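Below is one structure, written out as structure tokens; the observations come after it.
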Amino acid sequence: MKVHEVGGGRPGGDTSHAEHESGTYKPVFVGSAKQELDELLTRYPSKMAALLPALWIVQHERGWVSDDAMAEVAQLLELTPAYVKGVVTFYTMYHQHPVGKYFIQVCTTSPCGACGAERVVDALLKHTRCGELGATSADGRYTVIEVECLGACGFATPVMVNEEFIESVTPERVPQILSQYL
Amino acid sequence: MGFPHASHAKETPVLSQYFGDPAARTVAGWKQRGGYVALEKALGLTPAEIVNVVKDSGLRGRGGAGFPTGLKWSFMKPGDGKPHYLCVNADESEPGTFKDREIMRWTPHALIEGSAIASYAIGAETCYIYIRGEFTEPLAVMNAAVKEAYAAGIVGPNAMGTGKRIDVHVHKGAGAYICGEETALMNSLEGKRGNPRIKPPFPAVAGVFGMPTTINNVETLVAVPHVLNRGAAWYKGMSHSNPKSTGTKLFSVCGNVAKPGNYEIEMGFPFKDFLYDLCGGPTPGRRFKAVVPGGSSVPIQTMEEAEATLMDYEGFVAQGSMLGSGGVIVFDDAQCIVKHIARFARFYAHESCAQCTQCREGTAWCTRILERIERGHGTMEDLDTLLDLSEQMTAKTICVLSDSCAAPIVSGIHKFRSEFEAHITGKRCPMGATAAA
Ligand SMILES: Cc1cc2nc3c(=O)[nH]c(=O)nc-3n(C[C@H](O)[C@H](O)[C@H](O)COP(=O)(O)O)c2cc1C
Ligand code: SF4
Ligand code: FES
């Protein structure tokens, strides 16, 4: 199992260049997404407070948060693109690069580690053919990352596949679980 | 009931009574179970009356610090002309802790009810429930419950038909342990990076959006309706060791134990009974070696200490640790303590927000040194270096994440020194755990 450098561990690696979506950018906030944002803005006394929810809408619609999307959000909330990027990079759940169709997060913090989380990671890497943590499988289907405590330590080992939360995963269960995400 | 197992006779299920019962998730189901009676009662009292009942009950914060809840609320001055806010801390990310998750999953209306009472008591018209982004199921359940509570007129511009406004909004986090620290949570809610703020000013003076704010843990707030329904004396009666620790407490139990899960007991319950009876003891053929009883941020206990502990705020301190968040992490004799302490340090290095030098550098250096020792490349001097680094990381930073990294390291070296030395002199992990790391 590959060990992350301290402070690293984010999927995707290189962030030195701007990440633009291909072709001409189509805004996220039209139609129902715009309505959703407008409703969100009524909940807070500042526009800035809608930033995390707005980024969630982007990720939900597009699968990741591109520089173009950050610029769109910045304009809508009267912030600068640099400010938005500063916030995006602070949080681990926003993808700054496209990821596999199924984004798989496995907890390996001590309590799960004591219950065999590392073997679950190995089984996931093997059966998804990702090979290593953070890499996307050649068929574009899976990305597996190691994460810190998912707040379900009594159900070791918890695994998240996109929005789905699966408890008590063992290496033996991995092939069957993956067969539901093709 | 201590989900996922059936309730044990020695448990006192107050907050967890309806865990595992999906029918409790709707407004109608909640009302059938006695829900929203306390809110109705509360809205007929003055805020000061509510604060006094909560003060009398002895309820203390369940998020980690154990601050008296009624006293915290009394710092808010309703009627000062400013908007007030309640923040509900549902960021639950402390390794070993998974109780707020079950509260929200099974009894979302308990949290809405407790939050609405607290909002009224502190003069807040708006309450934000900040839930960590990974909690997809609790988020879905809470969102549905809030929507239903609005539709039923329980919250909103005319809460329970009293003409009082209590807005409740669910806010989804995006992955960052540090956002559980109260001022980091407020920054995050404002749409900023989740960096903790320097205190003072304290939240009651200038919290979220610069306005007077109270922040409470999920478990703290769900206890409030029970206190109002059954009275401060009843709550105070659930105290078997120290009168400063009252009520029931949910403990999440994980690691190498026969029956991991949540258990609710009265304050002062013997930890030995808890571990061997309620939690079923070790898994077959194993023995317990060590316990981290209050989430990963508290000192590790030897079994001797753990077995002598009475489970309350003072009881854990008397036996070399802290109650913390109530996340009990158990390690058995097949586990390498050095490996786990190194892994804890890696957690804090990953989660440091990097504002303070001692924390940013200290957590990273401790991780490197501990991992070196674990691999068999450490020296005896490394142990002194770790203790020295830990001292520099304690009580010197903006928040206590840095102290939290140091606590397991210092206690680990003191209480399990022979395991560290065996790695150094034997130049390998004696348990053979290294290869897997
Ligand atoms: C690094 C750090 C992380 C924390 N994480 C949480 C958390 O996830 N949930 C929580 O309720 N409190 C957490 N706390 C404690 C909060 O800062 C705060 O004390 C608590 O929410 C207050 O609520 P209470 O008085 O009801 O306990 C954390 C504190 C620190 C320093
Ligand atoms: S102690 Fe660590 S986590 Fe806390 S503010 Fe300083 S750098 Fe950030
Ligand atoms: S340590 Fe794995 S979910 Fe908490």
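Quick note on naming: the chains in the structure tokens go A, B, ... in the order shown, residues restart at 1 in each chain, and ligands are numbered from 1 in order of appearance.
The contact shell of ligand 3, defined as all polymer residues within 8 Å when only C-alpha atoms and all ligand atoms are used, comprises A:Cys107, A:Thr108, A:Thr109, A:Ser110, A:Pro111, A:Cys112, A:Gly113, A:Glu148, A:Cys149, A:Leu150, A:Gly151, A:Ala152, A:Cys153, A:Gly154, A:Phe155, A:Ala156, A:Thr157, A:Pro158, B:Ser93, B:Glu94, B:Pro95, B:Gly96, B:Thr97, B:Phe98.
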Fill in: Residues within 8 Å of ligand 2, counting only C-alpha atoms and all ligand atoms, as JSON, numbers by chain
{"B": [178, 195, 196, 197, 351, 352, 353, 354, 355, 356, 357, 358, 359, 360, 396, 397, 398, 399, 400, 401, 402, 403]}
Discussion item. As an exercise, work out the distance from CA of Gly116 in chain A to CA of Ile424 in chain B in Å and give it to one decimal place.
Written reply: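 Rounded to one decimal, the two atoms are 25.1 Å apart.
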Practice prompt. Kindly provide, as a VMD selection string, the residues of chain B having any atom no farther than 7 Å from an atom of chain A, counting only C-alpha atoms.
Written response: chain B and resid 92 to 93 95 to 98 134 136 172 174 to 176 189 to 193 253 to 256 260 to 261 329 335 340 343 to 344 346 to 347 349 to 350 364
Can I get the selected residues back with C-alpha atoms, as a PDB file, in the first residue's frame?
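Now in selection03.pdb:
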```pdb
ATOM      1  CA  GLU B  92     -18.453  14.987  14.397  1.00  0.00           C
ATOM      2  CA  SER B  93     -15.003  14.082  13.092  1.00  0.00           C
ATOM      3  CA  PRO B  95     -11.712   9.634  15.620  1.00  0.00           C
ATOM      4  CA  GLY B  96     -13.678   7.188  17.760  1.00  0.00           C
ATOM      5  CA  THR B  97     -16.845   9.293  17.924  1.00  0.00           C
ATOM      6  CA  PHE B  98     -20.070   8.426  16.078  1.00  0.00           C
ATOM      7  CA  GLU B 134     -19.439  12.962   4.600  1.00  0.00           C
ATOM      8  CA  THR B 136     -24.773  11.825   3.602  1.00  0.00           C
ATOM      9  CA  LYS B 172     -23.268  20.990   4.734  1.00  0.00           C
ATOM     10  CA  ALA B 174     -16.981  19.988   2.897  1.00  0.00           C
ATOM     11  CA  GLY B 175     -14.378  17.872   4.633  1.00  0.00           C
ATOM     12  CA  ALA B 176     -12.154  19.321   7.359  1.00  0.00           C
ATOM     13  CA  LEU B 189     -20.310  28.874   7.787  1.00  0.00           C
ATOM     14  CA  GLU B 190     -19.467  32.400   6.641  1.00  0.00           C
ATOM     15  CA  GLY B 191     -17.964  30.957   3.447  1.00  0.00           C
ATOM     16  CA  LYS B 192     -14.334  31.187   4.524  1.00  0.00           C
ATOM     17  CA  ARG B 193     -11.481  28.766   4.996  1.00  0.00           C
ATOM     18  CA  VAL B 253     -17.232   2.268  21.308  1.00  0.00           C
ATOM     19  CA  CYS B 254     -14.940   1.041  18.537  1.00  0.00           C
ATOM     20  CA  GLY B 255     -11.723  -0.829  17.874  1.00  0.00           C
ATOM     21  CA  ASN B 256     -11.008  -4.325  19.166  1.00  0.00           C
ATOM     22  CA  PRO B 260     -18.867  -1.992  19.045  1.00  0.00           C
ATOM     23  CA  GLY B 261     -21.671   0.569  18.993  1.00  0.00           C
ATOM     24  CA  ILE B 329     -11.249   3.403  21.233  1.00  0.00           C
ATOM     25  CA  GLN B 335      -2.162  -4.113  18.357  1.00  0.00           C
ATOM     26  CA  HIS B 340      -1.476   3.634  16.431  1.00  0.00           C
ATOM     27  CA  ARG B 343      -1.310   7.037  12.926  1.00  0.00           C
ATOM     28  CA  PHE B 344      -3.039   9.459  15.317  1.00  0.00           C
ATOM     29  CA  ARG B 346      -0.643  11.555  10.992  1.00  0.00           C
ATOM     30  CA  PHE B 347      -4.318  12.385  11.444  1.00  0.00           C
ATOM     31  CA  ALA B 349      -0.777  16.517  10.661  1.00  0.00           C
ATOM     32  CA  HIS B 350      -3.342  16.050   7.907  1.00  0.00           C
ATOM     33  CA  ALA B 364       4.373  16.900  10.793  1.00  0.00           C
TER      34      ALA B 364
END
```
Item to complete: Please identify the residues whose atoms come within 8 Å of ligand 1, using only C-alpha atoms and all ligand atoms, and report them as a ChimeraX atom specification.
Response: /B:60-69,72,88-94,177-183,215-221,325,399-401,404
Put those residues in a file: C-alpha atoms, as a short mmCIF file (atom, residue, chain, number, x, y, z; two decimals), in the first residue's frame.
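Resulting contents of out_3.cif:
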```
data_model
loop_
_atom_site.label_atom_id
_atom_site.label_comp_id
_atom_site.auth_asym_id
_atom_site.auth_seq_id
_atom_site.Cartn_x
_atom_site.Cartn_y
_atom_site.Cartn_z
CA ARG B 60 -22.51 20.16 30.45
CA GLY B 61 -21.38 20.34 26.82
CA ARG B 62 -21.02 16.96 25.13
CA GLY B 63 -18.78 18.21 22.32
CA GLY B 64 -15.55 17.69 24.22
CA ALA B 65 -14.88 20.53 26.64
CA GLY B 66 -17.71 19.88 29.13
CA PHE B 67 -18.59 23.56 29.60
CA PRO B 68 -21.82 24.08 31.63
CA THR B 69 -24.58 24.63 29.06
CA LYS B 72 -22.93 29.36 28.29
CA VAL B 88 -25.28 23.36 16.11
CA ASN B 89 -22.00 21.51 15.93
CA ALA B 90 -22.69 18.35 13.93
CA ASP B 91 -19.23 18.17 12.42
CA GLU B 92 -18.45 14.99 14.40
CA SER B 93 -15.00 14.08 13.09
CA GLU B 94 -13.07 13.15 16.22
CA TYR B 177 -11.87 18.03 10.94
CA ILE B 178 -10.86 21.47 12.13
CA CYS B 179 -14.32 22.86 11.27
CA GLY B 180 -15.54 21.14 14.46
CA GLU B 181 -13.58 23.73 16.44
CA GLU B 182 -16.21 26.32 17.25
CA THR B 183 -14.68 29.43 15.68
CA ILE B 215 -22.54 26.95 19.73
CA ASN B 216 -23.54 23.57 21.08
CA ASN B 217 -22.94 19.96 20.26
CA VAL B 218 -25.80 17.80 18.93
CA GLU B 219 -25.91 15.56 22.01
CA THR B 220 -26.01 18.57 24.36
CA LEU B 221 -29.06 19.97 22.57
CA SER B 325 -16.32 13.45 23.17
CA CYS B 399 -6.78 26.30 19.10
CA VAL B 400 -6.14 23.00 20.89
CA LEU B 401 -5.68 20.77 17.83
CA SER B 404 -4.65 17.10 20.93
#
```
Discussion item. Could you pull out the strand (DSSP E) residues of range 168-240 of chain B, going by DSSP on the backbone, and write them as number ranges by chain?
Written reply: B: 168-172, 213-217
Discussion item. Here is a test: counting only C-alpha atoms, which residue of B:Thr248, B:Gln17, B:Ser418, B:Thr12 is nearest to Cys336 in chain B?
Written reply: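 Of B:Thr248, B:Gln17, B:Ser418, B:Thr12, the one nearest Cys336 in chain B is B:Ser418, counting only C-alpha atoms.
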Find the residues around Gly100 in chain A up to 7 Å (only C-alpha atoms counted), leave out those fewer than 6 positions away in its own chain, and share them as a short mmCIF file (atom, residue, chain, number, x, y, z; two decimals) with C-alpha atoms, in the first residue's frame.
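Writing the result to result_30.cif gives the following:
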```cif
data_model
loop_
_atom_site.label_atom_id
_atom_site.label_comp_id
_atom_site.auth_asym_id
_atom_site.auth_seq_id
_atom_site.Cartn_x
_atom_site.Cartn_y
_atom_site.Cartn_z
CA THR A 136 -8.28 6.65 -11.65
CA GLY A 140 -12.38 5.81 -15.95
CA ARG A 141 -14.70 4.05 -13.58
CA TYR A 142 -13.04 4.23 -10.18
CA THR A 143 -10.84 6.45 -8.04
#
```
Practice prompt. Would you mind reading off the distance between CA of Val106 in chain A and CA of Glu146 in chain A, one decimal, in Å?
Written response: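 Between CA of Val106 in chain A and CA of Glu146 in chain A the gap works out to 5.0 Å.
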Item to complete: Provide the CA of Tyr130 in chain B to CA of Ile103 in chain B distance in Å, to one decimal place.
Response: 14.2 Å
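Residue nearest Gly153 in chain B, chosen from B:Val338, B:Met76, B:Ala223, B:Val27 and counting only C-alpha atoms: B:Val27.
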DSSP on the backbone: which residues in range 87-121 of chain A end up as alpha helix (DSSP H)? Give the answer as a short mmCIF file (atom, residue, chain, number, x, y, z; two decimals) with N, CA and C atoms, in the first residue's frame.
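The result, written out as selection-v4.cif:
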```
data_model
loop_
_atom_site.label_atom_id
_atom_site.label_comp_id
_atom_site.auth_asym_id
_atom_site.auth_seq_id
_atom_site.Cartn_x
_atom_site.Cartn_y
_atom_site.Cartn_z
N VAL A 87 -10.74 29.01 -0.87
CA VAL A 87 -11.69 28.24 -0.05
C VAL A 87 -11.77 26.80 -0.56
N VAL A 88 -11.88 26.65 -1.86
CA VAL A 88 -11.99 25.30 -2.44
C VAL A 88 -10.82 24.43 -2.00
N THR A 89 -9.62 24.99 -2.03
CA THR A 89 -8.44 24.19 -1.72
C THR A 89 -8.34 23.84 -0.23
N PHE A 90 -9.08 24.54 0.62
CA PHE A 90 -9.03 24.24 2.06
C PHE A 90 -9.75 22.95 2.39
N SER A 110 -6.79 5.24 12.89
CA SER A 110 -6.49 4.17 13.86
C SER A 110 -7.61 3.20 14.21
N PRO A 111 -8.79 3.69 14.66
CA PRO A 111 -9.81 2.72 15.06
C PRO A 111 -10.17 1.76 13.93
N CYS A 112 -10.28 2.26 12.70
CA CYS A 112 -10.56 1.37 11.57
C CYS A 112 -9.31 0.58 11.23
N GLY A 113 -8.15 1.22 11.37
CA GLY A 113 -6.90 0.51 11.13
C GLY A 113 -6.77 -0.71 12.03
N ALA A 117 -8.62 -2.00 8.24
CA ALA A 117 -8.91 -1.11 7.11
C ALA A 117 -7.89 -1.22 5.97
N GLU A 118 -6.65 -1.51 6.32
CA GLU A 118 -5.63 -1.54 5.27
C GLU A 118 -5.88 -2.67 4.28
N ARG A 119 -6.42 -3.76 4.78
CA ARG A 119 -6.72 -4.88 3.87
C ARG A 119 -7.90 -4.53 2.96
N VAL A 120 -8.81 -3.71 3.48
CA VAL A 120 -9.92 -3.26 2.65
C VAL A 120 -9.39 -2.36 1.52
N VAL A 121 -8.46 -1.49 1.86
CA VAL A 121 -7.86 -0.62 0.83
C VAL A 121 -7.19 -1.48 -0.24
#
```
Practice prompt. Write out as a ChimeraX atom specification each polymer residue whose atoms come within 8 Å of Arg129 in chain A, counting only C-alpha atoms; drop sequence neighbours fewer than 4 positions from it.
Written response: /A:125,137-138
How about saving the chosen residues, N, CA, C and O atoms kept, as a CSV table (one decimal), in the first residue's frame?
```
chain,number,residue,atom,x,y,z
A,125,LEU,N,-8.1,-1.5,-4.2
A,125,LEU,CA,-7.2,-1.2,-5.2
A,125,LEU,C,-7.0,-2.3,-6.3
A,125,LEU,O,-6.9,-2.1,-7.5
A,137,SER,N,-8.9,4.4,-12.4
A,137,SER,CA,-8.7,3.2,-13.2
A,137,SER,C,-8.7,3.5,-14.7
A,137,SER,O,-9.4,4.5,-15.1
A,138,ALA,N,-8.1,2.7,-15.5
A,138,ALA,CA,-7.9,3.0,-17.0
A,138,ALA,C,-9.3,3.1,-17.6
A,138,ALA,O,-9.4,3.9,-18.6
```
Item to complete: Can you pull out every residue within 6 Å of Thr302 in chain B, counting only C-alpha atoms, but drop anything in the same chain fewer than 2 positions away, and send it as a list in words?
Response: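 Counting only the stated atoms, we get Ala290, Glu304 and Glu305 of chain B.
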Worksheet entry | Val161 in chain A environment, 7 Å, only C-alpha atoms, sequence neighbours closer than 5 positions dropped, as an MDAnalysis selection string | chainID A and resid 102:105
Store the residues picked out above in a file with N, CA, C and O atoms, as a PDB file, in the first residue's frame.
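Written file, part_8.pdb:
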```pdb
ATOM      1  N   TYR A 102     -17.033   6.500 -10.153  1.00  0.00           N
ATOM      2  CA  TYR A 102     -17.287   6.167  -8.747  1.00  0.00           C
ATOM      3  C   TYR A 102     -16.093   6.575  -7.915  1.00  0.00           C
ATOM      4  O   TYR A 102     -14.993   6.060  -8.093  1.00  0.00           O
ATOM      5  N   PHE A 103     -16.314   7.527  -7.038  1.00  0.00           N
ATOM      6  CA  PHE A 103     -15.244   8.043  -6.193  1.00  0.00           C
ATOM      7  C   PHE A 103     -15.352   7.330  -4.845  1.00  0.00           C
ATOM      8  O   PHE A 103     -16.354   7.451  -4.144  1.00  0.00           O
ATOM      9  N   ILE A 104     -14.318   6.549  -4.517  1.00  0.00           N
ATOM     10  CA  ILE A 104     -14.393   5.663  -3.357  1.00  0.00           C
ATOM     11  C   ILE A 104     -13.473   6.167  -2.240  1.00  0.00           C
ATOM     12  O   ILE A 104     -12.278   6.346  -2.442  1.00  0.00           O
ATOM     13  N   GLN A 105     -14.060   6.408  -1.069  1.00  0.00           N
ATOM     14  CA  GLN A 105     -13.282   6.890   0.075  1.00  0.00           C
ATOM     15  C   GLN A 105     -13.281   5.824   1.169  1.00  0.00           C
ATOM     16  O   GLN A 105     -14.338   5.341   1.551  1.00  0.00           O
TER      17      GLN A 105
END
```
Discussion item. Applying 8 Å and only C-alpha atoms, which residues near Ala233 in chain B remain after dropping the ones on its own chain fewer than 2 positions away? List them as a count of residues only.
Written reply: 6
Response to the item:
From the list B:Leu278, B:Ser115, B:Thr46, B:Cys87, the nearest residue to Asn262 in chain B using only C-alpha atoms is B:Leu278
